[in-house]
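Shown next: my_file_7.json, containing JSON, C-alpha atoms and all ligand atoms.
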[["chain", "number", "residue", "atom", "x", "y", "z"],
["A", 1, "MET", "CA", -45.77, -56.51, 91.25],
["A", 2, "PRO", "CA", -46.08, -58.70, 88.14],
["A", 3, "ARG", "CA", -48.07, -61.89, 88.13],
["A", 4, "GLY", "CA", -46.21, -65.13, 88.74],
["A", 5, "MET", "CA", -46.14, -66.19, 85.09],
["A", 6, "TYR", "CA", -44.33, -62.95, 84.18],
["A", 7, "LYS", "CA", -41.62, -63.42, 86.83],
["A", 8, "SER", "CA", -40.18, -66.68, 85.51],
["A", 9, "GLY", "CA", -38.19, -65.18, 82.61],
["A", 10, "ARG", "CA", -39.99, -67.33, 80.07],
["A", 11, "LEU", "CA", -41.14, -64.17, 78.25],
["A", 12, "ARG", "CA", -38.96, -61.27, 77.19],
["A", 13, "LYS", "CA", -39.65, -57.76, 78.45],
["A", 14, "ILE", "CA", -40.32, -54.83, 76.16],
["A", 15, "PHE", "CA", -40.31, -51.35, 77.67],
["A", 16, "VAL", "CA", -43.03, -49.21, 76.06],
["A", 17, "LYS", "CA", -43.30, -45.46, 76.60],
["A", 18, "THR", "CA", -46.90, -44.38, 77.19],
["A", 19, "PRO", "CA", -48.22, -41.00, 75.98],
["A", 20, "GLY", "CA", -48.07, -39.76, 79.58],
["A", 21, "GLY", "CA", -44.30, -40.21, 79.61],
["A", 22, "GLU", "CA", -44.19, -43.26, 81.87],
["A", 23, "SER", "CA", -42.77, -46.56, 80.67],
["A", 24, "THR", "CA", -44.67, -49.79, 81.07],
["A", 25, "ILE", "CA", -43.49, -53.35, 80.57],
["A", 26, "HIS", "CA", -45.00, -55.51, 77.85],
["A", 27, "TYR", "CA", -44.21, -59.21, 77.58],
["A", 28, "ARG", "CA", -43.49, -61.08, 74.34],
["A", 29, "GLN", "CA", -42.50, -64.61, 73.48],
["A", 30, "ARG", "CA", -38.73, -65.17, 73.17],
["A", 31, "LYS", "CA", -37.23, -65.95, 69.79],
["A", 32, "PRO", "CA", -35.84, -69.47, 69.25],
["A", 33, "SER", "CA", -32.08, -70.04, 69.33],
["A", 34, "LYS", "CA", -30.05, -69.66, 66.15],
["A", 35, "ALA", "CA", -29.99, -72.51, 63.64],
["A", 36, "ILE", "CA", -26.84, -74.68, 63.89],
["A", 37, "CYS", "CA", -25.09, -77.03, 61.46],
["A", 38, "ALA", "CA", -26.14, -80.66, 61.97],
["A", 39, "ASP", "CA", -22.53, -81.80, 61.59],
["A", 40, "CYS", "CA", -20.16, -79.28, 63.22],
["A", 41, "LYS", "CA", -22.71, -77.36, 65.37],
["A", 42, "LYS", "CA", -21.57, -74.00, 63.93],
["A", 43, "GLN", "CA", -24.19, -71.24, 63.67],
["A", 44, "LEU", "CA", -25.75, -71.14, 60.22],
["A", 45, "ALA", "CA", -25.69, -67.92, 58.20],
["A", 46, "GLY", "CA", -28.70, -66.88, 56.14],
["A", 47, "VAL", "CA", -31.26, -68.57, 58.39],
["A", 48, "PRO", "CA", -33.48, -66.01, 60.16],
["A", 49, "ARG", "CA", -34.12, -66.34, 63.88],
["A", 50, "GLU", "CA", -37.90, -66.05, 63.99],
["A", 51, "LEU", "CA", -40.91, -67.78, 65.52],
["A", 52, "PRO", "CA", -42.48, -70.48, 63.31],
["A", 53, "GLY", "CA", -45.59, -68.37, 62.70],
["A", 54, "LYS", "CA", -43.53, -65.47, 61.37],
["A", 55, "LEU", "CA", -41.31, -67.76, 59.28],
["A", 56, "THR", "CA", -44.30, -68.82, 57.17],
["A", 57, "LYS", "CA", -44.78, -65.19, 56.12],
["A", 58, "ILE", "CA", -41.18, -64.94, 54.85],
["A", 59, "PRO", "CA", -40.51, -66.23, 51.29],
["A", 60, "LYS", "CA", -38.96, -69.70, 51.23],
["A", 61, "THR", "CA", -35.87, -68.36, 49.45],
["A", 62, "ALA", "CA", -35.24, -66.04, 52.42],
["A", 63, "ARG", "CA", -35.62, -68.83, 54.98],
["A", 64, "ARG", "CA", -32.49, -70.82, 54.09],
["A", 65, "PRO", "CA", -29.59, -70.73, 51.57],
["A", 66, "ASP", "CA", -30.67, -72.07, 48.18],
["A", 67, "ARG", "CA", -28.27, -75.01, 47.84],
["A", 68, "PRO", "CA", -28.23, -78.74, 48.72],
["A", 69, "TYR", "CA", -28.58, -79.19, 52.51],
["A", 70, "GLY", "CA", -29.29, -75.43, 52.81],
["A", 71, "GLY", "CA", -30.45, -74.65, 56.35],
["A", 72, "VAL", "CA", -29.21, -78.03, 57.63],
["A", 73, "LEU", "CA", -25.45, -78.10, 57.00],
["A", 74, "CYS", "CA", -22.95, -75.23, 56.78],
["A", 75, "SER", "CA", -21.22, -74.69, 53.43],
["A", 76, "THR", "CA", -17.97, -76.48, 54.36],
["A", 77, "CYS", "CA", -19.79, -79.53, 55.75],
["A", 78, "MET", "CA", -22.01, -79.60, 52.62],
["A", 79, "ARG", "CA", -18.92, -79.64, 50.37],
["A", 80, "LYS", "CA", -17.37, -82.47, 52.40],
["A", 81, "LYS", "CA", -20.63, -84.45, 52.26],
["A", 82, "LEU", "CA", -21.03, -84.01, 48.48],
["A", 83, "LEU", "CA", -17.41, -85.03, 47.85],
["A", 84, "GLN", "CA", -17.89, -88.09, 50.05],
["A", 85, "GLN", "CA", -21.03, -89.08, 48.14],
["A", 86, "VAL", "CA", -19.21, -88.80, 44.78],
["A", 87, "ARG", "CA", -16.30, -90.91, 46.04],
["A", 88, "GLU", "CA", -18.64, -93.62, 47.36],
["A", 89, "GLU", "CA", -20.36, -93.92, 43.96],
["A", 90, "LYS", "CA", -17.15, -95.04, 42.21],
["B", 101, "ZN", "ZN", -20.84, -77.63, 59.57]]
Could you render the structure from this file as structure tokens?
Amino acid sequence: MPRGMYKSGRLRKIFVKTPGGESTIHYRQRKPSKAICADCKKQLAGVPRELPGKLTKIPKTARRPDRPYGGVLCSTCMRKKLLQQVREEK
């Protein structure tokens, strides 16, 4: 029977096969939820779903799209925002 902290579902289970042929359960931290657009709440493409410690090991160019508001807004919301900014300047 697992300890109480392993029964809550806070950690994800990983089934590992031992050399003897039996499988044991290892527990790992769950990944965070997918990044969403700040405007329309759509899931963002090109943003990896990793723990903060692992994200620092990934190059910055692989962490978010390389454009204005990359990793914050989706491409359609970014276009709308940029157009709005240009119109407000005039
Ligand atoms: Zn959006």
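Going from atom CA of A:Lys90 over to atom CA of A:Met78, you cover 19.2 Å.
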Worksheet item: In Å, how far is it from atom CA of A:Pro2 to atom CA of A:Ile25?
Response: 9.6 Å
Item to complete: Give the residues close to ligand ZN 101 (chain B), within 6 Å, counting all atoms listed in the file; write them as a VMD selection string.
Response: chain A and resid 37 39 to 40 42 73 to 74 77
Practice prompt. For the point (-41.3, -63.0, 63.6) in the file's frame, write as a ChimeraX atom specification all residues with an atom no more than 12 Å away, counting all atoms listed in the file.
Written response: /A:28-32,48-58,63
Would you save the residues from that selection as a JSON list (two decimals), in the coordinates of the input, using C-alpha atoms?
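Generated file (result08.json):
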[["chain", "number", "residue", "atom", "x", "y", "z"],
["A", 28, "ARG", "CA", -43.49, -61.08, 74.34],
["A", 29, "GLN", "CA", -42.50, -64.61, 73.48],
["A", 30, "ARG", "CA", -38.73, -65.17, 73.17],
["A", 31, "LYS", "CA", -37.23, -65.95, 69.79],
["A", 32, "PRO", "CA", -35.84, -69.47, 69.25],
["A", 48, "PRO", "CA", -33.48, -66.01, 60.16],
["A", 49, "ARG", "CA", -34.12, -66.34, 63.88],
["A", 50, "GLU", "CA", -37.90, -66.05, 63.99],
["A", 51, "LEU", "CA", -40.91, -67.78, 65.52],
["A", 52, "PRO", "CA", -42.48, -70.48, 63.31],
["A", 53, "GLY", "CA", -45.59, -68.37, 62.70],
["A", 54, "LYS", "CA", -43.53, -65.47, 61.37],
["A", 55, "LEU", "CA", -41.31, -67.76, 59.28],
["A", 56, "THR", "CA", -44.30, -68.82, 57.17],
["A", 57, "LYS", "CA", -44.78, -65.19, 56.12],
["A", 58, "ILE", "CA", -41.18, -64.94, 54.85],
["A", 63, "ARG", "CA", -35.62, -68.83, 54.98]]
Using all atoms of stretch 11-20 of chain A that appear in the file, construct an axis-aligned enclosing box with 5 Å of padding on every side and provide its centre coordinates and edge lengths in Å, rounded to one decimal, as JSON.
{"center_x": -43.6, "center_y": -52.0, "center_z": 77.8, "size_x": 19.3, "size_y": 34.4, "size_z": 13.6}
Worksheet item: When you draw a straight line from atom CA of A:Lys17 to atom CA of A:Lys34, how long is it in Å?
Response: 29.5 Å
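Nearest to A:Lys41 of all the residues A:Lys7, A:Met1, A:Val72, A:Gln85 is A:Val72, counting only C-alpha atoms.
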Practice prompt. Extract, using only C-alpha atoms, all DNA, RNA and protein residues at most 10 Å from A:Gly71, discarding same-chain residues fewer than 3 positions from it, and format them as a ChimeraX atom specification.
Written response: /A:35-38,44-48,63-68,74-75
Worksheet item: Got a sec: who's within 8 Å of A:Phe15, counting only C-alpha atoms, leaving out chain neighbours fewer than 3 positions off, as a VMD selection string?
Response: chain A and resid 23 to 26
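Once A:Tyr27 and its same-chain neighbours fewer than 3 positions away are set aside, Leu11, Arg12 and Lys13 of chain A remain within 6 Å of it when counting all atoms listed in the file.
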